[in-house]
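Asks: Sharing a structure below in structure tokens format, with a few things to ask.
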Amino acid sequence: MEAKKILKKLTLKEKILLLFAADWWSTNKIDRLGIQSVRTSDGPHGLRKEVFENGKKHNQTAVCFPPAVLSACSFDPDLIQKMGQAIACEAIEQGVDIILGPGVNIKRSPLCGRNFEYFSEDPFLAGIIAAAFIKGVQNQGVGTSIKHFAANNQESYRAIISAEIDERTLHEIYFKPFEIAIKQSKPWTVMCSYNKINGVYSSQNKYLLTDILRDFWGYEGVVISDWGAVDDRVQGIKAGLDIEFPYSGKYNFNSVLEAVISGEITPYEIDCCVLRILKLIEKVKSANKSILYDAEQRRNIAKEVAQNSIVLLKNDDNILPFDKNHKLLVIGALAKYPRYQGSGSSKINPYRLESFLDGLNNQKIDYEYLDGYDIKSDEINYDLIAKAVAACKDYKNIVVFAGLPEEYESEGYDRKHMRLPRSQYLLIDELLKVTADFAVVLSCGSPVELDNIINAKAILLQYLTGEAADASIDIIYGKVNPSGKLAETWPIKLEDNPSYQNFTRDNNAAHYKETLFVGHRFYDTFGKPVAFPFGYGLSYTTFELDNFKIKTDNENIYIHLTVKNTGEFDGAEVVQVYVGKPDSAVVRPKKELKAFKKAFLRIGESKEIKFEIPKQSLSFYNTMTKNWTLEGGEYVIYVGTSSTDIVFEHSIKIDGDKFPLPDYIPPKKPILNDDEFARLLGRSLTPRSVQRKRPYDLNSSLKDISKTLIGRILKKALAKELKSQHHNMPAAQETYEAVFELPLRMLAMLSDGLVSKEMMQGIIDIANRKYFTGLKKIMKSRKINKK
Ligand code: BGC
């Protein structure tokens with residue numbers, strides 16, 4: 001039956017039921033009308049289907065593909081599309097209708113604990129790669145949920161922080177990857193973020209979910225909440241949030257019912273959400289599903305993605321690839337205990353994990369292995385270092401594994417620094433006293449300060465490889481020529497990052513005072529030296545770019561050039577086009593990425609590369625017209641092989657629109673001061689930190705109420721519960737802190753029915769010294785939930 005016809009047959013209660021999840025992962029079904037439930041699962045770089053068996057939750061095995069931090073470095077939408085197809089096959093096999101991914105939030109700071117799950121600091125790259133992933137999944141008849149819309153750029157206080165961002169920066173940086181992917185690939189669902197944007201929770205932000213997403217971009221799909229992100233369900237419906245996840249008990253259901261009865265929510269508002277949900281269910285039902293790849297093929301694709309994404313950062317004297325005839329010395333516990341994925345909701349139970357050492361064994365490569373450091377402790381083990389240093393003199397081929405241990409970065413909390421464990425720096429310092437002739441293989445989910453590591457002859461950045469953690473072997477021996485390019489800048493030190501002063505652990509607001517100058521836009525515009533720039537990556541071969549031609553018509557800019565493999569290995573190069581407007585009437589970064597193409601070339605081969613860049617894509621977001629403005633005049637086109645290796649630079653003239661200038665144009669500088677930022681926002685700044693005191697409410701945290709008796713009791717009970725799950729947590733202390741900082745409404749929602757929202761309200765009343773009403777609510781809540 002058609003969605004509109006079903007809508008007419010639904011009772012009010014049935015309609016409201018559809019606006020809520022039935023459990024942790026699925027939507028509600030209505031048997032009477034043949035409305036089926038839709039099953040979601042994490043995402044994004046493989047399937048994490050949680051199942052209950054023998055009274056316990058566990059994740060079914062699935063191939064763990066390289067997380068976004070690595071796959072984005074492929075700069076290869078076709079390959080990412082294939083990866084999407086492969087993940088969709090797992091979803092079909094496991095009965096999952098919607099994969100909760102991809103994650104396209106911008107990497108504002110290297111410290112964000114969840115950067116490994118996001119593609120890039122660059123909105124264009126993130127958008128294009130996400131679109132390819134979505135196409136791959138959805139072409140197989142499985143849905144996606146692009147997340148977290150929007151501005152979830154930190155984990156600290158993610159559920160209450162307000163991301164304070166000026167309107168133009170929102171559109172050009174933080175909305176852009178969503179806009180590109182949504183327009184190009186129409187994801188079935190969009191997941192809203194936990195945080196507030198300019199003071200309003202994303203889950204009830206009409207500007208975000210209706211004005212921009214639906215009215216401005218024309219999105220027709222369903223918006224779901226992040227898990228526990230709903231603050232006020234009634235406002236959420238009015239703003240366009242269709243489904244709340246996970247199941248939240250009767251409290252929100254009843255509040256919506258009351259709001260409809262009282263007229264606060266109109267029947268039209270309810271019907272808009274329900275119709276979208278019915279259409280989604282219809283899509284799921286009628287999807288043409290086909291399994292293209294079996295498990296082994298999927299695993300091969302995971303390895304292929306890793307091998308085409310790993311970035312060669314340095315290769316002095318061409319020490320790589322190694323000659324297989326010499327025995328290999330492997331130093332570093334990460335070769336044995338690989339860090340291959342991140343922690344949190346995306347953590348996959350891998351199909352077949354193979355470490356670097358497993359790979360060497362499988363390929364029968366002769367090696368000696370030494371720990372070099374203790375992977376489980378930050379303490380320096382001088383003995384392990386001494387053994388590694390002593391062994392060096394006997395070897396020509398030496399590879400040293402360094403990287404971030406699991407507990408250093410995870411969903412739920414941010415890193416406090418960009419350092420590796422001290423033992424690893426020391427190990428490399430000591431090795432360098434003996435020889436620099438070694439290759440460092442780096443595993444991490446986000447950049448680290450390299451210090452002396454920069455002096456090793458070769459550095460191979462593998463980020464997180466997914467379960468094929470032996471992917472780098474073929475690169476080290478030259479069977480695969482590295483072709484990954486950095487999807488983010490590697491700063492020399494944390495303080496160099498433009499968000500440094502404003503990426504903090506404040507509990508109320510994050511001020512995005514660097515505005516548009518995120519990532520390479522900042523380093524490039526203001527000439528700040530970096531360790532490695534955006535778009536950079538070496539190859540074992542050399543390429544020559546030539547025969548540059550450019551022309552324009554009314555719509556597009558056409559660029560032609562040839563790329564030739566002039567070296568001694570087959571390989572791939574990524575040609576990148578950046579555009580700048582030096583005399584712009586508004587503040588702009590020096591240049592921005594507008595197109596890229598990856599070309600594979602055999603030795604001596606030459607290929608023609610063509611770009612067609614819509615002139616409209618050079619527009620800036622004009623806050624006066626609330627639309628994009630194409631400014632006329634001179635633009636500079638830069639074509640190269642990284643954001644700083646520019647081979648051709650050429651000016652063109654473009655006819656533009658007539659436009660009003662924004663009221664206030666801030667000075668062109670890396671970080672605005674408070675006054676400038678307030679003028680840009682058009683209001684006074686929200687305080688970064690607040691002390692949340694009595695009267696407490698559902699948005700207070702356990703930490704806030706921990707001075708009260710009931711708060712202490714609750715905290716103790718929760719700590720006990722967390723302790724029992726200790727084995728699942730990478731870093732107990734950080735996780736505890738993050739949980740204690742969650743708003744109480746969210747704690748209730750994530751308690752899996754243990755504490756309902758009305759019961760939490762009762763607890764809060766007691767904390768507010770309203771003992772009698774509090775107790776009454778607790779008693780009543782038990783009755784309501786039984787109904
Ligand atoms: C995460 C989402 C995830 C969801 C379900 C949330 O905590 O932010 O990315 O999809 O949990 O596991």
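By order in the structure tokens, chains are A, B, ...; within a chain, residues start at 1; ligands start at 1, following the order shown.
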Could the residues that lie within 8 Å of ligand 1, counting only C-alpha atoms and all ligand atoms, be listed as JSON, numbers by chain?

Replies: {"A": [25, 41, 42, 43, 100, 101, 103, 147, 148, 193, 194, 226, 227, 228, 344, 345, 346, 411]}

Asks: Write to file, as a PDB file, in the first residue's frame, the residues of the selection just made, with C-alpha atoms.

Replies:
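again-v5.pdb written:
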ATOM      1  CA  TRP A  25      18.132  -0.676  17.234  1.00  0.00           C
ATOM      2  CA  SER A  41      23.224  -1.262  13.115  1.00  0.00           C
ATOM      3  CA  ASP A  42      26.535   0.535  13.445  1.00  0.00           C
ATOM      4  CA  GLY A  43      28.557   1.408  11.036  1.00  0.00           C
ATOM      5  CA  LEU A 100      24.644   3.929  10.858  1.00  0.00           C
ATOM      6  CA  GLY A 101      27.253   5.769   8.851  1.00  0.00           C
ATOM      7  CA  GLY A 103      30.486   9.952   9.744  1.00  0.00           C
ATOM      8  CA  LYS A 147      26.067  11.406  10.814  1.00  0.00           C
ATOM      9  CA  HIS A 148      26.355  13.420  13.059  1.00  0.00           C
ATOM     10  CA  SER A 193      24.245  15.194  16.513  1.00  0.00           C
ATOM     11  CA  TYR A 194      24.244  15.266  20.316  1.00  0.00           C
ATOM     12  CA  ASP A 226      21.757  10.019  17.771  1.00  0.00           C
ATOM     13  CA  TRP A 227      21.379   7.524  20.592  1.00  0.00           C
ATOM     14  CA  GLY A 228      19.991   9.455  23.542  1.00  0.00           C
ATOM     15  CA  GLY A 344      33.202   3.091  20.910  1.00  0.00           C
ATOM     16  CA  SER A 345      30.068   2.372  18.944  1.00  0.00           C
ATOM     17  CA  SER A 346      31.973   1.564  15.746  1.00  0.00           C
ATOM     18  CA  GLU A 411      34.525   7.830  21.152  1.00  0.00           C
TER      19      GLU A 411
END

Asks: Where in segment 355-586 of chain A does DSSP assign helix (DSSP H, G or I), given as JSON, numbers by chain?

Replies: {"A": [356, 357, 358, 359, 360, 361, 362, 382, 383, 384, 385, 386, 387, 388, 389, 390, 391, 392, 406, 407, 408, 422, 423, 424, 425, 426, 427, 428, 429, 430, 431, 432, 433, 434, 451, 452, 453, 454, 455, 472, 473, 474, 475, 476, 494, 495, 496, 500, 501, 502, 520, 521, 522, 523, 524, 525]}

Asks: Identify, on the basis of only C-alpha atoms, every residue whose closest approach to Ala88 of chain A does not exceed 8 Å; exclude the query and any residue fewer than 5 positions from it along the same chain; express the result as a PyMOL selection string.

Replies: chain A and resi 99+136-138+140-142

Asks: One number please: atom CA of Cys112 of chain A to atom CA of Glu407 of chain A, in Å, one decimal.

Replies: 13.4 Å

Asks: I'd like to know which of A:Lys653, A:Lys564, A:Arg769, A:His520 is closest to Ile550 of chain A, using only C-alpha atoms.

Replies: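 Among the listed residues, the smallest separation from Ile550 of chain A belongs to A:Lys653.
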